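S.K.: Please see the structure below; I have some questions.
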Amino acid sequence: MAKKRKKEKVEKEEYEFRPPEFDEKEFLKKEIKDTRTALLTIAYAGLFGVISGAISIFNENLVGIAFIVGIAGIFSLRYVYPLIKVDTSAFQKKHWVGNIGSFFFTFLAVWVLLLNMPLSDHADPTVDEVIVWVDNGSNVTGIEYMYVEAQGVYAWIPMDVNYTLDTMVRASYKLNITAKIADNGKLSSVTIAIGSQDSPPHAMTYEGEHRYGYLMNASAAGSTGLMFYVTALDKAGNEVLFFPARSIPIVP
């Protein structure tokens, strides 16, 4: 019995693992095939990205349709691959997942790229940091339009605590209505209407660092106080209208 166990032990020690022979030619063929499939998938996804981008640029309300176009492109891969000589007979689940992922992210990147500057502009201009400068003939003080967290509303706040809003502006004073107006492209026009939105618009003057201003006499605001409407239009046709929630009182 001892001899038999000794014999089995010798046989186990003589076992030697031999890895299968590496077929370099088949390996290279597989790598070339996979690379070709990936490049064709990326090119096909780019085509759908361009189509969706064109749809979105033509009408920004069709963004949902543009996205559906991209999803349709994913489902079409199964039928397109044979047409472009891609053999899918050996495809496993991981191959389909990888190619679908490459298609989706390439499509999304091209689509988003076409929707942003400098290729297209879909963003409205912004109007903020609104300040009305009050010149009483001896000094200039400002009234800033800002959010008051304690009240939860936007309001006119004198920048100098020694002044109160109700008595700060007199009809004989001069005013400069200013605002920071910016856009991701180029602005076409910046205008302001005093009193009501239907009043004749006046061009605002560029003062540097994205700020625009409009000089006027306080008496031109009328007895109901200073209310104004700023309209900013960019080269792409995007427009924004700004007006404060309340007027600034004018003392006769």
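Letters A, B, ... go to the chains of the structure tokens in the order shown; residues in each chain start at 1; ligands are counted from 1 in the same order.
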Assign secondary structure with DSSP using the backbone only, and return the residues of region 148-223 of chain A in strand (DSSP E or B) as a ChimeraX atom specification.

M.R.: /A:148,153-158,170,174-182,187-194,202-203,205-208,211-217

S.K.: Go ahead and write the residues just picked, N, CA and C atoms, as an mmCIF file, in the first residue's frame.

M.R.:
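Output file selection_29.cif follows:
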data_model
loop_
_atom_site.group_PDB
_atom_site.id
_atom_site.type_symbol
_atom_site.label_atom_id
_atom_site.label_comp_id
_atom_site.auth_asym_id
_atom_site.auth_seq_id
_atom_site.Cartn_x
_atom_site.Cartn_y
_atom_site.Cartn_z
ATOM 1 N N VAL A 148 -32.634 90.612 -1.103
ATOM 2 C CA VAL A 148 -32.626 90.763 0.349
ATOM 3 C C VAL A 148 -33.088 89.438 0.945
ATOM 4 N N VAL A 153 -36.942 88.800 -1.244
ATOM 5 C CA VAL A 153 -37.310 89.515 -2.469
ATOM 6 C C VAL A 153 -36.134 90.369 -2.932
ATOM 7 N N TYR A 154 -36.218 90.827 -4.197
ATOM 8 C CA TYR A 154 -35.259 91.812 -4.705
ATOM 9 C C TYR A 154 -35.763 93.204 -4.361
ATOM 10 N N ALA A 155 -34.837 94.101 -4.003
ATOM 11 C CA ALA A 155 -35.227 95.460 -3.614
ATOM 12 C C ALA A 155 -34.097 96.429 -3.938
ATOM 13 N N TRP A 156 -34.439 97.721 -3.961
ATOM 14 C CA TRP A 156 -33.444 98.771 -4.163
ATOM 15 C C TRP A 156 -32.829 99.124 -2.808
ATOM 16 N N ILE A 157 -31.514 99.026 -2.726
ATOM 17 C CA ILE A 157 -30.812 99.274 -1.470
ATOM 18 C C ILE A 157 -29.771 100.369 -1.682
ATOM 19 N N PRO A 158 -29.855 101.494 -0.934
ATOM 20 C CA PRO A 158 -28.826 102.536 -1.039
ATOM 21 C C PRO A 158 -27.463 101.973 -0.630
ATOM 22 N N ARG A 170 -34.251 113.210 -6.076
ATOM 23 C CA ARG A 170 -35.128 114.361 -6.338
ATOM 24 C C ARG A 170 -35.232 114.589 -7.844
ATOM 25 N N LYS A 174 -29.567 114.180 -11.520
ATOM 26 C CA LYS A 174 -29.246 113.415 -12.717
ATOM 27 C C LYS A 174 -29.011 111.953 -12.329
ATOM 28 N N LEU A 175 -29.420 111.056 -13.204
ATOM 29 C CA LEU A 175 -29.299 109.617 -12.933
ATOM 30 C C LEU A 175 -28.506 108.917 -14.029
ATOM 31 N N ASN A 176 -27.786 107.875 -13.647
ATOM 32 C CA ASN A 176 -27.122 106.997 -14.609
ATOM 33 C C ASN A 176 -27.527 105.566 -14.268
ATOM 34 N N ILE A 177 -28.376 105.005 -15.116
ATOM 35 C CA ILE A 177 -28.840 103.627 -14.904
ATOM 36 C C ILE A 177 -27.815 102.687 -15.543
ATOM 37 N N THR A 178 -27.193 101.838 -14.743
ATOM 38 C CA THR A 178 -26.139 100.961 -15.261
ATOM 39 C C THR A 178 -26.449 99.501 -14.952
ATOM 40 N N ALA A 179 -25.866 98.613 -15.759
ATOM 41 C CA ALA A 179 -26.038 97.175 -15.551
ATOM 42 C C ALA A 179 -24.912 96.421 -16.238
ATOM 43 N N LYS A 180 -24.588 95.266 -15.687
ATOM 44 C CA LYS A 180 -23.624 94.374 -16.324
ATOM 45 C C LYS A 180 -24.404 93.457 -17.251
ATOM 46 N N ILE A 181 -24.112 93.567 -18.544
ATOM 47 C CA ILE A 181 -24.848 92.794 -19.550
ATOM 48 C C ILE A 181 -23.849 91.977 -20.354
ATOM 49 N N ALA A 182 -23.986 90.662 -20.289
ATOM 50 C CA ALA A 182 -23.011 89.778 -20.941
ATOM 51 C C ALA A 182 -23.712 88.704 -21.759
ATOM 52 N N LEU A 187 -23.208 90.785 -28.469
ATOM 53 C CA LEU A 187 -24.468 91.511 -28.331
ATOM 54 C C LEU A 187 -24.755 92.324 -29.577
ATOM 55 N N SER A 188 -26.000 92.343 -29.969
ATOM 56 C CA SER A 188 -26.418 93.122 -31.129
ATOM 57 C C SER A 188 -26.897 94.505 -30.709
ATOM 58 N N SER A 189 -27.667 94.568 -29.628
ATOM 59 C CA SER A 189 -28.165 95.860 -29.140
ATOM 60 C C SER A 189 -28.542 95.758 -27.667
ATOM 61 N N VAL A 190 -28.417 96.896 -26.983
ATOM 62 C CA VAL A 190 -28.851 97.008 -25.588
ATOM 63 C C VAL A 190 -29.638 98.308 -25.482
ATOM 64 N N THR A 191 -30.925 98.202 -25.178
ATOM 65 C CA THR A 191 -31.783 99.386 -25.132
ATOM 66 C C THR A 191 -32.518 99.453 -23.801
ATOM 67 N N ILE A 192 -33.011 100.644 -23.501
ATOM 68 C CA ILE A 192 -33.761 100.855 -22.266
ATOM 69 C C ILE A 192 -34.985 101.707 -22.561
ATOM 70 N N ALA A 193 -36.117 101.340 -21.950
ATOM 71 C CA ALA A 193 -37.357 102.109 -22.071
ATOM 72 C C ALA A 193 -37.721 102.616 -20.678
ATOM 73 N N ILE A 194 -38.019 103.890 -20.558
ATOM 74 C CA ILE A 194 -38.322 104.508 -19.270
ATOM 75 C C ILE A 194 -39.838 104.616 -19.078
ATOM 76 N N HIS A 202 -34.250 103.589 -25.852
ATOM 77 C CA HIS A 202 -33.033 104.382 -26.021
ATOM 78 C C HIS A 202 -31.829 103.445 -25.933
ATOM 79 N N ALA A 203 -30.846 103.680 -26.773
ATOM 80 C CA ALA A 203 -29.639 102.848 -26.748
ATOM 81 C C ALA A 203 -28.823 103.148 -25.492
ATOM 82 N N THR A 205 -25.218 103.063 -23.411
ATOM 83 C CA THR A 205 -23.820 103.287 -23.794
ATOM 84 C C THR A 205 -22.906 102.284 -23.107
ATOM 85 N N TYR A 206 -21.979 101.714 -23.876
ATOM 86 C CA TYR A 206 -21.028 100.768 -23.297
ATOM 87 C C TYR A 206 -20.007 101.531 -22.457
ATOM 88 N N GLU A 207 -19.821 101.087 -21.211
ATOM 89 C CA GLU A 207 -18.924 101.770 -20.285
ATOM 90 C C GLU A 207 -17.678 100.951 -19.947
ATOM 91 N N GLY A 208 -17.530 99.797 -20.581
ATOM 92 C CA GLY A 208 -16.373 98.942 -20.314
ATOM 93 C C GLY A 208 -16.695 97.831 -19.330
ATOM 94 N N ARG A 211 -20.274 96.548 -18.841
ATOM 95 C CA ARG A 211 -21.281 97.400 -18.226
ATOM 96 C C ARG A 211 -21.820 98.419 -19.233
ATOM 97 N N TYR A 212 -23.139 98.636 -19.156
ATOM 98 C CA TYR A 212 -23.818 99.597 -20.020
ATOM 99 C C TYR A 212 -24.542 100.608 -19.130
ATOM 100 N N GLY A 213 -24.662 101.841 -19.628
ATOM 101 C CA GLY A 213 -25.308 102.882 -18.842
ATOM 102 C C GLY A 213 -26.206 103.775 -19.680
ATOM 103 N N TYR A 214 -27.115 104.458 -18.989
ATOM 104 C CA TYR A 214 -27.999 105.412 -19.655
ATOM 105 C C TYR A 214 -28.182 106.626 -18.747
ATOM 106 N N LEU A 215 -27.750 107.812 -19.229
ATOM 107 C CA LEU A 215 -27.853 109.060 -18.468
ATOM 108 C C LEU A 215 -29.208 109.725 -18.717
ATOM 109 N N MET A 216 -29.828 110.250 -17.645
ATOM 110 C CA MET A 216 -31.123 110.902 -17.786
ATOM 111 C C MET A 216 -31.354 111.835 -16.603
ATOM 112 N N ASN A 217 -32.294 112.744 -16.783
ATOM 113 C CA ASN A 217 -32.737 113.597 -15.679
ATOM 114 C C ASN A 217 -33.814 112.848 -14.893
#

S.K.: Within region 28-219 of chain A, find each residue whose DSSP state, derived from the backbone, is alpha helix (DSSP H), and express the selection as a count of residues only.

M.R.: 78

S.K.: Taking only C-alpha atoms into account, which of A:Val240, A:Val230, A:Leu165, A:Ile100 comes nearest Ala45 (chain A)?

M.R.: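 Comparing A:Val240, A:Val230, A:Leu165, A:Ile100 against Ala45 (chain A), the winner is A:Ile100.
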
S.K.: Which residue is closest to Ala72 (chain A)? Choose from A:Phe48, A:Lys29, A:Ser89, A:Gly53 and count only C-alpha atoms.

M.R.: A:Phe48

S.K.: Restricting the calculation to only C-alpha atoms, which member of A:Thr106, A:Gly137, A:Ile68, A:Leu47 is positioned closest to Ser172 (chain A)?

M.R.: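 So, comparing all the options, the nearest one is A:Gly137.
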
S.K.: Can you pull out the residues contacting region 108-111 of chain A? Cut-off 12 Å, using only C-alpha atoms, and skip same-chain residues under 2 positions away; I want them as number ranges by chain.

M.R.: A: 42-57, 63, 66-71, 73-74, 101-106, 113-116, 119-120

S.K.: Please save N, CA and C atoms of the selected residues as a compact mmCIF listing (two decimals), in the first residue's frame.

M.R.:
# COMPACT_ATOMS: atom_id res chain seq x y z
N ILE A 42 -17.49 54.88 -34.30
CA ILE A 42 -17.30 56.28 -33.94
C ILE A 42 -17.70 57.20 -35.10
N ALA A 43 -17.29 56.83 -36.31
CA ALA A 43 -17.64 57.63 -37.49
C ALA A 43 -19.16 57.67 -37.70
N TYR A 44 -19.80 56.52 -37.52
CA TYR A 44 -21.25 56.43 -37.68
C TYR A 44 -21.96 57.26 -36.61
N ALA A 45 -21.45 57.21 -35.37
CA ALA A 45 -22.03 58.00 -34.28
C ALA A 45 -21.86 59.50 -34.54
N GLY A 46 -20.68 59.87 -35.09
CA GLY A 46 -20.44 61.28 -35.42
C GLY A 46 -21.44 61.80 -36.44
N LEU A 47 -21.80 60.94 -37.41
CA LEU A 47 -22.79 61.33 -38.41
C LEU A 47 -24.13 61.64 -37.76
N PHE A 48 -24.55 60.80 -36.82
CA PHE A 48 -25.81 61.03 -36.13
C PHE A 48 -25.73 62.26 -35.23
N GLY A 49 -24.54 62.52 -34.66
CA GLY A 49 -24.36 63.73 -33.86
C GLY A 49 -24.54 64.98 -34.70
N VAL A 50 -24.01 64.96 -35.92
CA VAL A 50 -24.15 66.10 -36.83
C VAL A 50 -25.61 66.30 -37.22
N ILE A 51 -26.31 65.19 -37.49
CA ILE A 51 -27.73 65.28 -37.87
C ILE A 51 -28.55 65.87 -36.72
N SER A 52 -28.32 65.38 -35.50
CA SER A 52 -29.05 65.90 -34.34
C SER A 52 -28.70 67.35 -34.06
N GLY A 53 -27.43 67.70 -34.26
CA GLY A 53 -27.02 69.09 -34.08
C GLY A 53 -27.70 70.01 -35.07
N ALA A 54 -27.80 69.57 -36.33
CA ALA A 54 -28.47 70.37 -37.35
C ALA A 54 -29.95 70.58 -37.02
N ILE A 55 -30.57 69.52 -36.52
CA ILE A 55 -31.99 69.62 -36.15
C ILE A 55 -32.17 70.62 -35.01
N SER A 56 -31.30 70.55 -34.00
CA SER A 56 -31.39 71.43 -32.83
C SER A 56 -31.12 72.89 -33.20
N ILE A 57 -30.16 73.11 -34.10
CA ILE A 57 -29.84 74.47 -34.53
C ILE A 57 -30.99 75.06 -35.35
N VAL A 63 -35.24 69.57 -29.72
CA VAL A 63 -34.14 68.88 -29.03
C VAL A 63 -34.52 67.44 -28.70
N ALA A 66 -34.19 65.38 -31.71
CA ALA A 66 -32.76 65.18 -32.00
C ALA A 66 -32.18 64.06 -31.15
N PHE A 67 -32.59 63.97 -29.89
CA PHE A 67 -32.10 62.90 -29.02
C PHE A 67 -32.63 61.55 -29.48
N ILE A 68 -33.88 61.51 -29.89
CA ILE A 68 -34.47 60.26 -30.38
C ILE A 68 -33.73 59.77 -31.62
N VAL A 69 -33.26 60.71 -32.44
CA VAL A 69 -32.47 60.34 -33.62
C VAL A 69 -31.22 59.58 -33.20
N GLY A 70 -30.56 60.04 -32.14
CA GLY A 70 -29.37 59.36 -31.65
C GLY A 70 -29.68 57.97 -31.13
N ILE A 71 -30.78 57.81 -30.41
CA ILE A 71 -31.18 56.49 -29.90
C ILE A 71 -31.50 55.55 -31.06
N GLY A 73 -30.12 55.64 -33.90
CA GLY A 73 -28.82 55.24 -34.44
C GLY A 73 -28.25 54.04 -33.72
N ILE A 74 -28.44 53.97 -32.40
CA ILE A 74 -27.96 52.82 -31.63
C ILE A 74 -28.65 51.54 -32.08
N GLY A 101 -21.77 51.77 -26.16
CA GLY A 101 -21.24 52.84 -25.32
C GLY A 101 -20.42 53.83 -26.13
N SER A 102 -19.57 53.33 -27.03
CA SER A 102 -18.75 54.21 -27.88
C SER A 102 -19.63 55.06 -28.78
N PHE A 103 -20.68 54.44 -29.33
CA PHE A 103 -21.60 55.19 -30.20
C PHE A 103 -22.28 56.31 -29.41
N PHE A 104 -22.84 55.98 -28.24
CA PHE A 104 -23.63 56.95 -27.49
C PHE A 104 -22.79 58.16 -27.07
N PHE A 105 -21.63 57.91 -26.51
CA PHE A 105 -20.82 59.02 -26.00
C PHE A 105 -20.21 59.85 -27.13
N THR A 106 -19.90 59.21 -28.26
CA THR A 106 -19.42 59.98 -29.41
C THR A 106 -20.54 60.85 -29.97
N LEU A 113 -21.23 69.61 -28.81
CA LEU A 113 -20.26 70.53 -29.41
C LEU A 113 -20.94 71.46 -30.40
N LEU A 114 -21.84 70.93 -31.20
CA LEU A 114 -22.53 71.75 -32.20
C LEU A 114 -23.52 72.73 -31.58
N LEU A 115 -23.93 72.47 -30.34
CA LEU A 115 -24.91 73.34 -29.68
C LEU A 115 -24.25 74.47 -28.89
N ASN A 116 -22.93 74.53 -28.90
CA ASN A 116 -22.23 75.54 -28.12
C ASN A 116 -21.35 76.40 -29.00
N LEU A 119 -19.84 77.39 -32.56
CA LEU A 119 -20.62 76.82 -33.65
C LEU A 119 -22.08 77.28 -33.62
N SER A 120 -22.62 77.51 -32.44
CA SER A 120 -24.00 78.00 -32.34
C SER A 120 -24.20 78.66 -30.99

S.K.: Hey, can you check how far CA of Val127 (chain A) sits from CA of Asp198 (chain A)?

M.R.: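 According to the coordinates, CA of Val127 (chain A) and CA of Asp198 (chain A) are separated by 19.6 Å.
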
S.K.: Can you tell me which residues surround Glu144 (chain A) at a distance of at most 8 Å, considering only C-alpha atoms, apart from same-chain residues fewer than 2 positions away, and format the answer as a list of chain:residue names?

M.R.: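 In the requested form, the answer reads A:Glu129, A:Val130, A:Ile131, A:Val132, A:Gly142, A:Met146, A:Trp156, A:Ile157, A:Pro158, A:Met159.
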
S.K.: Using only N, CA and C atoms, please write the residues we just selected to a file, as an mmCIF file, in the first residue's frame.

M.R.:
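Result file is again-v7.cif:
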data_model
loop_
_atom_site.group_PDB
_atom_site.id
_atom_site.type_symbol
_atom_site.label_atom_id
_atom_site.label_comp_id
_atom_site.auth_asym_id
_atom_site.auth_seq_id
_atom_site.Cartn_x
_atom_site.Cartn_y
_atom_site.Cartn_z
ATOM 1 N N GLU A 129 -26.179 92.917 -11.649
ATOM 2 C CA GLU A 129 -25.419 94.004 -11.024
ATOM 3 C C GLU A 129 -25.957 95.379 -11.461
ATOM 4 N N VAL A 130 -27.262 95.525 -11.339
ATOM 5 C CA VAL A 130 -27.925 96.774 -11.738
ATOM 6 C C VAL A 130 -27.752 97.825 -10.641
ATOM 7 N N ILE A 131 -27.228 98.989 -11.020
ATOM 8 C CA ILE A 131 -27.004 100.090 -10.080
ATOM 9 C C ILE A 131 -27.465 101.400 -10.727
ATOM 10 N N VAL A 132 -28.227 102.184 -9.986
ATOM 11 C CA VAL A 132 -28.611 103.522 -10.431
ATOM 12 C C VAL A 132 -27.765 104.518 -9.651
ATOM 13 N N GLY A 142 -24.923 105.608 -5.020
ATOM 14 C CA GLY A 142 -25.560 104.557 -5.796
ATOM 15 C C GLY A 142 -26.695 103.865 -5.074
ATOM 16 N N MET A 146 -30.728 94.451 -5.484
ATOM 17 C CA MET A 146 -30.151 93.220 -4.971
ATOM 18 C C MET A 146 -31.170 92.388 -4.213
ATOM 19 N N TRP A 156 -34.439 97.721 -3.961
ATOM 20 C CA TRP A 156 -33.444 98.771 -4.163
ATOM 21 C C TRP A 156 -32.829 99.124 -2.808
ATOM 22 N N ILE A 157 -31.514 99.026 -2.726
ATOM 23 C CA ILE A 157 -30.812 99.274 -1.470
ATOM 24 C C ILE A 157 -29.771 100.369 -1.682
ATOM 25 N N PRO A 158 -29.855 101.494 -0.934
ATOM 26 C CA PRO A 158 -28.826 102.536 -1.039
ATOM 27 C C PRO A 158 -27.463 101.973 -0.630
ATOM 28 N N MET A 159 -26.431 102.290 -1.431
ATOM 29 C CA MET A 159 -25.091 101.810 -1.130
ATOM 30 C C MET A 159 -24.465 102.582 0.021
#

S.K.: Which residue is closest to Asn139 (chain A)? Choose from A:Asp183, A:Asp87, A:Asp121, A:Asp160 and count only C-alpha atoms.

M.R.: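 Using only C-alpha atoms, Asn139 (chain A) sits closest to A:Asp160.
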
S.K.: Could you work out how far CA of Gln151 (chain A) lies from CA of Val169 (chain A), giving the answer in Å with one decimal?

M.R.: 23.4 Å

S.K.: Excluding same-chain residues fewer than 5 positions from Ala221 (chain A), what lies within 10 Å of it counting only C-alpha atoms, as a PyMOL selection string?

M.R.: chain A and resi 171+175+194-195+216+226-228+247-250
